[in-house]
file start-v7.cif (mmCIF, C-alpha atoms)
data_entry
#
loop_
_atom_site.label_atom_id
_atom_site.label_comp_id
_atom_site.auth_asym_id
_atom_site.auth_seq_id
_atom_site.Cartn_x
_atom_site.Cartn_y
_atom_site.Cartn_z
CA MET A 6 30.67 114.66 235.15
CA SER A 7 31.36 113.07 238.52
CA SER A 8 32.44 115.56 241.16
CA GLY A 9 35.09 113.44 242.84
CA PRO A 10 36.15 110.02 244.00
CA SER A 11 34.12 108.09 246.54
CA LYS A 12 35.05 108.43 250.19
CA ILE A 13 35.90 104.71 250.30
CA ALA A 14 38.32 105.00 247.38
CA GLU A 15 39.95 108.04 248.93
CA THR A 16 40.25 106.30 252.29
CA ILE A 17 41.86 103.25 250.72
CA VAL A 18 44.36 105.36 248.78
CA GLY A 19 44.94 107.53 251.85
CA VAL A 20 46.02 104.52 253.88
CA PHE A 21 48.91 103.93 251.50
CA VAL A 22 50.03 107.54 251.07
CA PRO A 23 52.57 108.64 253.70
CA PRO A 24 50.96 111.13 256.08
CA ALA A 25 53.62 113.80 255.47
CA CYS A 26 52.40 114.29 251.90
CA ARG A 27 48.88 112.86 252.10
CA GLU A 28 47.15 116.22 251.93
CA GLU A 29 48.64 117.36 248.64
CA VAL A 30 48.74 113.95 246.96
CA LEU A 31 45.09 113.18 247.70
CA GLY A 32 44.15 116.73 246.69
CA ASP A 33 46.01 116.40 243.38
CA LEU A 34 44.44 113.01 242.70
CA TYR A 35 41.02 114.51 243.52
CA GLU A 36 41.63 117.36 241.09
CA ARG A 37 42.64 114.94 238.33
CA TYR A 38 39.60 112.76 238.92
CA ARG A 39 37.72 111.81 235.74
CA SER A 40 36.35 108.37 236.57
CA ALA A 41 36.75 105.72 239.24
CA GLY A 42 38.97 103.61 236.97
CA ARG A 43 41.21 106.54 236.06
CA TYR A 44 41.45 107.49 239.73
CA GLY A 45 42.54 103.96 240.66
CA LEU A 46 45.07 103.89 237.84
CA ASP A 47 46.42 107.30 238.82
CA ALA A 48 46.74 106.23 242.44
CA ALA A 49 48.40 102.93 241.53
CA ARG A 50 50.99 104.73 239.40
CA THR A 51 51.62 107.54 241.84
CA VAL A 52 51.54 106.11 245.36
CA PRO A 53 54.48 103.61 245.06
CA LEU A 54 56.76 106.39 243.84
CA VAL A 55 55.59 108.71 246.61
CA ILE A 56 56.30 106.01 249.22
CA ALA A 57 59.75 105.33 247.74
CA SER A 58 60.52 109.04 247.78
CA ARG A 59 59.46 109.39 251.42
CA ILE A 60 61.61 106.39 252.37
CA ARG A 61 64.57 107.96 250.58
CA ARG A 62 64.00 111.27 252.34
CA THR A 63 63.43 109.96 255.83
CA ALA A 64 65.49 106.78 256.12
CA ASN A 65 68.86 107.10 257.76
CA PRO A 66 71.33 105.37 255.43
CA GLN A 67 73.56 104.36 258.35
CA VAL A 68 70.89 103.04 260.69
CA LEU A 69 68.78 101.22 258.11
CA PRO A 70 71.38 98.57 257.15
CA MET A 71 72.04 97.98 260.85
CA GLN A 72 68.33 97.50 261.46
CA ALA A 73 68.12 95.15 258.49
CA PHE A 74 71.11 93.17 259.74
CA ALA A 75 69.67 92.89 263.25
CA LEU A 76 66.37 91.72 261.81
CA TYR A 77 68.08 89.12 259.64
CA GLU A 78 69.99 87.88 262.65
CA ALA A 79 66.74 87.67 264.58
CA PHE A 80 65.01 85.64 261.88
CA LEU A 81 68.11 83.47 261.53
CA GLY A 82 68.04 82.80 265.25
CA ALA A 83 64.33 82.03 265.21
CA ALA A 84 64.82 79.62 262.31
CA TRP A 85 67.76 77.99 264.07
CA PHE A 86 65.64 77.60 267.13
CA THR A 87 62.43 76.32 265.57
CA ASN A 88 63.42 74.53 262.36
CA ARG A 89 67.13 74.03 261.93
CA ALA A 90 66.73 71.90 258.81
CA PHE A 91 65.29 74.93 257.02
CA LEU A 92 68.67 76.65 257.15
CA SER A 93 70.44 73.84 255.35
CA GLU A 94 67.94 73.88 252.51
CA ARG A 95 69.19 75.25 249.20
CA TRP A 96 67.41 78.65 249.41
CA GLY A 97 67.02 78.64 253.18
CA LEU A 98 69.25 81.59 253.99
CA PRO A 99 68.17 83.83 251.07
CA ARG A 100 64.51 83.13 251.91
CA LEU A 101 65.08 84.56 255.37
CA ALA A 102 65.89 87.87 253.68
CA ILE A 103 62.28 88.16 252.46
CA PRO A 104 60.65 88.77 255.88
CA THR A 105 63.68 90.91 256.75
CA ALA A 106 63.09 93.13 253.72
CA ILE A 107 59.37 93.40 254.45
CA ARG A 108 59.96 94.27 258.08
CA THR A 109 62.69 96.76 257.22
CA ALA A 110 60.41 98.45 254.70
CA ARG A 111 57.79 98.79 257.43
CA ILE A 112 60.23 100.25 259.90
CA ALA A 113 61.94 102.64 257.49
CA PRO A 114 59.09 105.01 256.67
CA GLY A 115 57.39 104.55 260.02
CA GLY A 116 60.12 106.22 261.97
CA ARG A 117 59.63 109.82 261.02
CA LEU A 118 56.66 110.11 258.70
CA CYS A 119 54.07 111.04 261.24
CA LYS A 120 53.91 111.04 264.97
CA ALA A 121 50.68 109.10 265.36
CA ARG A 122 50.97 106.58 262.55
CA GLY A 123 54.72 106.31 262.97
CA ALA A 124 54.25 105.36 266.60
CA ILE A 125 51.73 102.68 265.65
CA LEU A 126 53.98 101.34 262.91
CA ILE A 127 56.96 101.22 265.23
CA ALA A 128 54.90 99.55 267.93
CA VAL A 129 53.57 96.97 265.48
CA GLY A 130 56.96 96.43 263.87
CA ALA A 131 59.10 96.58 266.97
CA ARG A 132 57.28 94.09 269.18
CA PRO A 133 57.84 90.99 267.02
CA THR A 134 61.29 92.28 266.12
CA VAL A 135 62.30 92.53 269.76
CA ARG A 136 60.72 89.14 270.43
CA CYS A 137 62.71 87.61 267.55
CA ALA A 138 65.89 89.36 268.67
CA VAL A 139 65.46 87.96 272.20
CA ARG A 140 64.91 84.51 270.76
CA ALA A 141 67.98 84.84 268.58
CA GLY A 142 70.07 85.88 271.54
CA ILE A 143 68.79 83.01 273.64
CA ALA A 144 69.30 80.54 270.82
CA ARG A 145 72.92 81.61 270.61
CA LEU A 146 73.46 81.47 274.32
CA ALA A 147 71.74 78.16 274.82
CA ALA A 148 74.36 75.97 273.23
CA ASP A 149 73.34 72.94 275.24
CA ASP A 150 69.82 71.59 274.75
CA ARG A 151 69.03 70.36 278.24
CA LEU A 152 65.34 70.09 277.68
CA GLY A 153 65.67 67.29 275.15
CA SER A 154 62.52 66.06 273.47
CA ARG A 155 60.28 67.84 275.94
CA ALA A 156 61.31 71.21 274.47
CA SER A 157 59.68 70.46 271.14
CA GLU A 158 56.34 69.87 272.86
CA LEU A 159 56.23 73.31 274.41
CA ASP A 160 54.77 76.29 272.62
CA PRO A 161 57.42 78.64 271.20
CA VAL A 162 57.02 81.43 273.76
CA LEU A 163 57.07 79.08 276.72
CA ARG A 164 60.04 77.28 275.21
CA VAL A 165 61.93 80.57 275.09
CA ARG A 166 61.14 81.15 278.74
CA VAL A 167 62.26 77.66 279.66
CA ARG A 168 65.48 78.06 277.72
CA LEU A 169 66.06 81.40 279.33
CA ARG A 170 65.88 79.72 282.73
CA VAL A 171 68.29 77.07 281.54
CA VAL A 172 70.69 79.69 280.33
CA LEU A 173 70.46 81.62 283.55
CA ARG A 174 71.00 78.38 285.53
CA THR A 175 67.87 78.89 287.60
CA ALA A 176 65.03 76.56 288.48
CA PRO A 177 62.88 75.44 285.54
CA VAL A 178 59.74 77.38 284.73
CA VAL A 179 56.71 75.82 286.34
CA SER A 180 53.51 76.93 284.79
CA THR A 181 50.12 75.32 284.36
CA GLY A 182 50.80 74.56 280.71
CA GLN A 183 54.13 72.99 281.45
CA ARG A 184 52.75 70.88 284.27
CA SER A 185 50.19 69.39 281.95
CA LEU A 186 52.89 68.71 279.35
CA ALA A 187 55.15 67.17 281.95
CA GLY A 188 52.27 65.03 283.11
CA ASN A 189 51.90 63.60 279.63
CA MET B 3 76.57 130.84 247.48
CA SER B 4 77.60 127.25 246.80
CA ALA B 5 77.71 126.01 243.23
CA PRO B 6 74.58 124.06 242.30
CA ASP B 7 74.79 120.42 241.23
CA SER B 8 74.37 119.74 237.53
CA LEU B 9 70.78 118.94 236.73
CA GLY B 10 69.34 115.85 235.09
CA GLN B 11 67.07 116.32 232.11
CA PHE B 12 63.89 115.63 234.08
CA GLU B 13 64.98 118.01 236.80
CA GLN B 14 65.47 120.69 234.15
CA LEU B 15 61.95 120.10 232.89
CA VAL B 16 60.46 120.34 236.39
CA LEU B 17 62.39 123.52 237.20
CA THR B 18 61.34 125.06 233.88
CA ALA B 19 57.72 124.17 234.61
CA ILE B 20 57.91 125.80 238.06
CA LEU B 21 59.55 128.88 236.52
CA SER B 22 56.82 129.26 233.92
CA LEU B 23 53.93 128.70 236.34
CA HIS B 24 54.95 131.46 238.77
CA ASP B 25 52.73 131.25 241.88
CA ASP B 26 50.48 128.50 240.54
CA ALA B 27 53.11 125.75 240.56
CA TYR B 28 51.77 122.68 242.35
CA GLY B 29 51.57 118.95 241.59
CA VAL B 30 48.87 118.93 238.91
CA THR B 31 49.97 122.06 237.04
CA ILE B 32 53.65 121.13 237.19
CA HIS B 33 52.80 117.66 235.87
CA SER B 34 50.80 118.99 232.92
CA LYS B 35 53.50 121.53 232.07
CA VAL B 36 56.24 118.88 232.29
CA GLN B 37 54.17 116.60 230.07
CA GLU B 38 53.93 119.44 227.56
CA LEU B 39 57.69 119.98 227.67
CA ALA B 40 58.57 116.28 227.53
CA ARG B 41 56.36 115.53 224.52
CA PRO B 42 55.93 112.90 223.12
CA LYS B 43 57.07 111.03 226.24
CA ALA B 44 54.44 110.27 228.88
CA VAL B 45 55.24 111.47 232.38
CA SER B 46 53.69 110.08 235.55
CA LEU B 47 52.56 112.26 238.42
CA GLY B 48 54.60 110.10 240.81
CA ALA B 49 57.81 110.86 238.91
CA VAL B 50 57.09 114.57 239.29
CA TYR B 51 56.62 114.18 243.07
CA VAL B 52 59.88 112.25 243.38
CA THR B 53 61.77 114.93 241.46
CA LEU B 54 60.16 117.75 243.45
CA ASP B 55 61.22 116.06 246.68
CA ARG B 56 64.77 115.68 245.38
CA LEU B 57 64.95 119.29 244.21
CA GLU B 58 63.67 120.46 247.58
CA ASP B 59 66.32 118.39 249.35
CA LYS B 60 68.98 119.98 247.15
CA GLY B 61 67.67 123.44 248.07
CA LEU B 62 66.74 124.32 244.49
CA VAL B 63 63.04 124.81 245.22
CA ALA B 64 60.99 125.73 248.26
CA SER B 65 57.42 124.71 249.02
CA TRP B 66 54.52 125.91 251.11
CA MET B 67 50.98 124.78 251.76
CA THR B 68 47.97 126.84 250.65
CA GLU B 69 44.53 127.04 252.22
CA PRO B 70 42.26 124.02 251.63
CA LYS B 71 40.25 124.32 248.39
CA ARG B 72 36.75 123.07 247.80
CA GLU B 73 37.54 121.92 244.24
CA ARG B 74 40.21 119.64 245.70
CA GLY B 75 37.87 117.95 248.13
CA GLY B 76 38.80 120.36 250.91
CA ARG B 77 42.50 119.68 250.62
CA ALA B 78 45.40 122.08 250.44
CA LYS B 79 47.93 122.43 247.64
CA ARG B 80 51.67 122.28 248.07
CA CYS B 81 53.01 125.10 245.92
CA TYR B 82 56.61 125.39 244.76
CA ARG B 83 58.88 128.28 243.82
CA LEU B 84 62.45 128.44 242.56
CA GLU B 85 65.14 129.35 245.04
CA ALA B 86 68.18 131.41 244.01
CA LEU B 87 70.24 128.22 243.73
CA GLY B 88 67.58 126.66 241.48
CA GLU B 89 67.52 129.70 239.21
CA ARG B 90 71.29 129.54 238.90
CA ALA B 91 71.25 125.82 238.14
CA LEU B 92 68.59 126.37 235.49
CA GLN B 93 70.56 129.23 233.92
CA GLU B 94 73.64 127.02 233.71
CA SER B 95 71.60 124.21 232.14
CA ALA B 96 70.11 126.61 229.60
CA ALA B 97 73.59 127.95 228.76
CA THR B 98 74.87 124.39 228.28
CA ALA B 99 71.89 123.51 226.07
CA LYS B 100 72.55 126.63 223.99
CA ARG B 101 76.19 125.67 223.55
CA VAL B 102 75.16 122.16 222.48
CA TRP B 103 72.67 123.62 219.99
CA ASP B 104 75.24 126.02 218.55
CA MET B 105 77.85 123.30 218.20
CA ILE B 106 75.45 120.89 216.46
CA SER B 107 74.14 123.53 214.08
CA GLU B 108 77.72 124.52 213.28
CA VAL B 109 78.59 120.93 212.35
CA TRP B 110 75.33 119.98 210.62
CA GLY B 111 74.82 123.34 209.00
CA LYS B 112 72.48 126.33 209.18
CA ASP B 113 69.89 124.63 206.95
CA TRP B 114 69.51 121.81 209.42
CA ALA B 115 69.11 124.29 212.27
CA ARG B 116 66.46 126.26 210.31
CA GLU B 117 64.61 123.04 209.44
CA TRP B 118 64.49 121.92 213.07
CA GLY B 119 63.61 125.40 214.23
CA LYS B 120 60.58 125.34 211.88
CA ARG B 121 59.59 121.85 213.04
CA TRP B 122 59.67 122.90 216.72
CA GLY B 123 57.78 126.08 215.88
CA LYS B 124 55.02 123.99 214.27
CA GLU B 125 54.87 121.66 217.27
CA VAL B 126 54.58 124.54 219.67
CA GLY B 127 51.94 126.27 217.53
#
call {"tool": "encode", "arguments": {"input": "start-v7.cif", "output": "structure tokens"}}
result
Amino acid sequence: MSSGPSKIAETIVGVFVPPACREEVLGDLYERYRSAGRYGLDAARTVPLVIASRIRRTANPQVLPMQAFALYEAFLGAAWFTNRAFLSERWGLPRLAIPTAIRTARIAPGGRLCKARGAILIAVGARPTVRCAVRAGIARLAADDRLGSRASELDPVLRVRVRLRVVLRTAPVVSTGQRSLAGN
Amino acid sequence: MSAPDSLGQFEQLVLTAILSLHDDAYGVTIHSKVQELARPKAVSLGAVYVTLDRLEDKGLVASWMTEPKRERGGRAKRCYRLEALGERALQESAATAKRVWDMISEVWGKDWAREWGKRWGKEVG
């Protein structure tokens, strides 16, 4: 009889198990090990429920909807800013809820599960979220499109910076990339 | 002591399993005991974890980690024990189940109760 699962299999399963209960869940799966297939099946049936349970235990029911709403707003703003026609499509607005749900699910367990992995998850999840939130805010503020056709030629990040300058009524951003675009 | 919430059927099974396992109540043993109690229904290990988490949140059970064991790949067990509130909730559930049993056997007759008693006895044996 095989003694236990391979290190690779355990590592893969371990990535998905929340750190707060990884020790006992991996230990229990190890103890129940009969074959590689059975181990995979056991893990596939157990881990999603463990994750859901951790989310339920650790997520703050008041903060989570606010986070989800802020994320949706951010994606809405980004869509408004980059591809406005998308919003008027039939399933445009509901489709924006998909990345919101994914991002919210990443934030929810990452907050309190484990210091190290939680910090990484928050860092990974928060950076684009903040970026999107900034874009959404700028998109709302920048009611007048003073850049005209030139704005669509700029890369998204630079465009945000340019719009920010427009909003703040300061001199336009002059960077190497923009000079070359302006030259064209 | 505050009154315990009423228990769901699966929660009753998990608490009964913990009660019967004494100090050896952890994921694998609780799961196999619950599977035995829930026969012929299949029970997943994940469902047991979810229920254990919920019972712990309600204060019905307490858990602690053991030393790492070689037979578990060097990993520790999380063992569970009933808290006073859990024992009380289980007693109330058992009393309710007894009342249900008495009422049904009163309506359907003593013969029916004896028949089912025999059938359960066979299953257990």
call {"tool": "closest_atom_pairs", "arguments": {"input": "start-v7.cif", "of": "chain A", "to": "chain B", "cutoff": "12 Å", "atoms": "all atoms listed in the file", "output": "CSV"}}
result
residue,atom,partner,partner_atom,distance
A:Ser8,CA,B:Glu73,CA,8.7
A:Gly9,CA,B:Gly75,CA,7.5
A:Pro10,CA,B:Gly75,CA,9.1
A:Ser11,CA,B:Gly75,CA,10.7
A:Lys12,CA,B:Gly75,CA,10.1
A:Glu15,CA,B:Gly75,CA,10.2
A:Val22,CA,B:Gly48,CA,11.5
A:Ala25,CA,B:Arg80,CA,11.4
A:Cys26,CA,B:Arg80,CA,8.9
A:Arg27,CA,B:Arg77,CA,9.5
A:Glu28,CA,B:Arg77,CA,5.9
A:Glu29,CA,B:Lys79,CA,5.2
A:Val30,CA,B:Gly29,CA,7.9
A:Leu31,CA,B:Arg77,CA,7.6
A:Gly32,CA,B:Arg74,CA,5.0
A:Asp33,CA,B:Val30,CA,5.9
A:Leu34,CA,B:Val30,CA,8.3
A:Tyr35,CA,B:Arg74,CA,5.6
A:Glu36,CA,B:Arg74,CA,5.3
A:Arg37,CA,B:Val30,CA,7.4
A:Tyr38,CA,B:Arg74,CA,9.7
A:Leu46,CA,B:Ser46,CA,10.9
A:Asp47,CA,B:Leu47,CA,7.9
A:Ala48,CA,B:Gly48,CA,8.9
A:Ala49,CA,B:Gly48,CA,9.5
A:Arg50,CA,B:Gly48,CA,6.6
A:Thr51,CA,B:Gly48,CA,4.1
A:Val52,CA,B:Gly48,CA,6.8
A:Pro53,CA,B:Gly48,CA,7.8
A:Leu54,CA,B:Gly48,CA,5.3
A:Val55,CA,B:Gly48,CA,6.0
A:Ile56,CA,B:Val52,CA,9.3
A:Ala57,CA,B:Val52,CA,8.2
A:Ser58,CA,B:Val52,CA,5.5
A:Arg59,CA,B:Asp55,CA,8.4
A:Ile60,CA,B:Val52,CA,10.9
A:Arg61,CA,B:Arg56,CA,9.3
A:Arg62,CA,B:Asp55,CA,7.9
A:Thr63,CA,B:Asp59,CA,11.0
call {"tool": "write_last_selection", "arguments": {"input": "start-v7.cif", "atoms": "C-alpha atoms", "output": "CSV table (one decimal), in the frame of the given file"}}
result
chain,number,residue,atom,x,y,z
A,8,SER,CA,32.4,115.6,241.2
A,9,GLY,CA,35.1,113.4,242.8
A,10,PRO,CA,36.2,110.0,244.0
A,11,SER,CA,34.1,108.1,246.5
A,12,LYS,CA,35.0,108.4,250.2
A,15,GLU,CA,40.0,108.0,248.9
A,22,VAL,CA,50.0,107.5,251.1
A,25,ALA,CA,53.6,113.8,255.5
A,26,CYS,CA,52.4,114.3,251.9
A,27,ARG,CA,48.9,112.9,252.1
A,28,GLU,CA,47.2,116.2,251.9
A,29,GLU,CA,48.6,117.4,248.6
A,30,VAL,CA,48.7,114.0,247.0
A,31,LEU,CA,45.1,113.2,247.7
A,32,GLY,CA,44.2,116.7,246.7
A,33,ASP,CA,46.0,116.4,243.4
A,34,LEU,CA,44.4,113.0,242.7
A,35,TYR,CA,41.0,114.5,243.5
A,36,GLU,CA,41.6,117.4,241.1
A,37,ARG,CA,42.6,114.9,238.3
A,38,TYR,CA,39.6,112.8,238.9
A,46,LEU,CA,45.1,103.9,237.8
A,47,ASP,CA,46.4,107.3,238.8
A,48,ALA,CA,46.7,106.2,242.4
A,49,ALA,CA,48.4,102.9,241.5
A,50,ARG,CA,51.0,104.7,239.4
A,51,THR,CA,51.6,107.5,241.8
A,52,VAL,CA,51.5,106.1,245.4
A,53,PRO,CA,54.5,103.6,245.1
A,54,LEU,CA,56.8,106.4,243.8
A,55,VAL,CA,55.6,108.7,246.6
A,56,ILE,CA,56.3,106.0,249.2
A,57,ALA,CA,59.8,105.3,247.7
A,58,SER,CA,60.5,109.0,247.8
A,59,ARG,CA,59.5,109.4,251.4
A,60,ILE,CA,61.6,106.4,252.4
A,61,ARG,CA,64.6,108.0,250.6
A,62,ARG,CA,64.0,111.3,252.3
A,63,THR,CA,63.4,110.0,255.8
call {"tool": "atom_distance", "arguments": {"input": "start-v7.cif", "atom1": "CA of Leu101 (chain A)", "atom2": "CA of Phe80 (chain A)"}}
result
6.6 Å
call {"tool": "resolve_selection", "arguments": {"input": "start-v7.cif", "expression": "the PyMOL selection byres ((chain B and resi 10) around 12)", "output": "list in words"}}
result
Asp7, Ser8, Leu9, Gln11, Phe12, Glu13, Gln14, Leu15, Val16, Leu17, Thr53, Arg56, Leu57, Ala91, Leu92 and Ser95 of chain B
call {"tool": "atom_distance", "arguments": {"input": "start-v7.cif", "atom1": "CA of Lys60 (chain B)", "atom2": "CA of Ala96 (chain B)"}}
result
18.8 Å
call {"tool": "atom_distance", "arguments": {"input": "start-v7.cif", "atom1": "CA of Glu58 (chain B)", "atom2": "CA of Ala44 (chain B)"}}
result
23.2 Å
call {"tool": "closest_residue", "arguments": {"input": "start-v7.cif", "among": "B:Pro42, B:Gly111, B:Gly61, B:Gly119", "to": "Leu87 (chain B)", "atoms": "only C-alpha atoms"}}
result
B:Gly61
call {"tool": "resolve_selection", "arguments": {"input": "start-v7.cif", "expression": "the PyMOL selection byres ((chain B and resi 84) around 7)", "output": "number ranges by chain"}}
result
B: 20-21, 62-64, 82-83, 85-86, 88-89
call {"tool": "residues_around", "arguments": {"input": "start-v7.cif", "residues": "Leu98 (chain A)", "least_positions_apart": "5", "cutoff": "8 Å", "atoms": "only C-alpha atoms", "output": "list in words"}}
result
Leu81, Leu92 and Ser93 of chain A
call {"tool": "closest_residue", "arguments": {"input": "start-v7.cif", "among": "A:Gly45, A:Ala75, A:Arg89, A:Arg39", "to": "Ile13 (chain A)", "atoms": "only C-alpha atoms"}}
result
A:Gly45
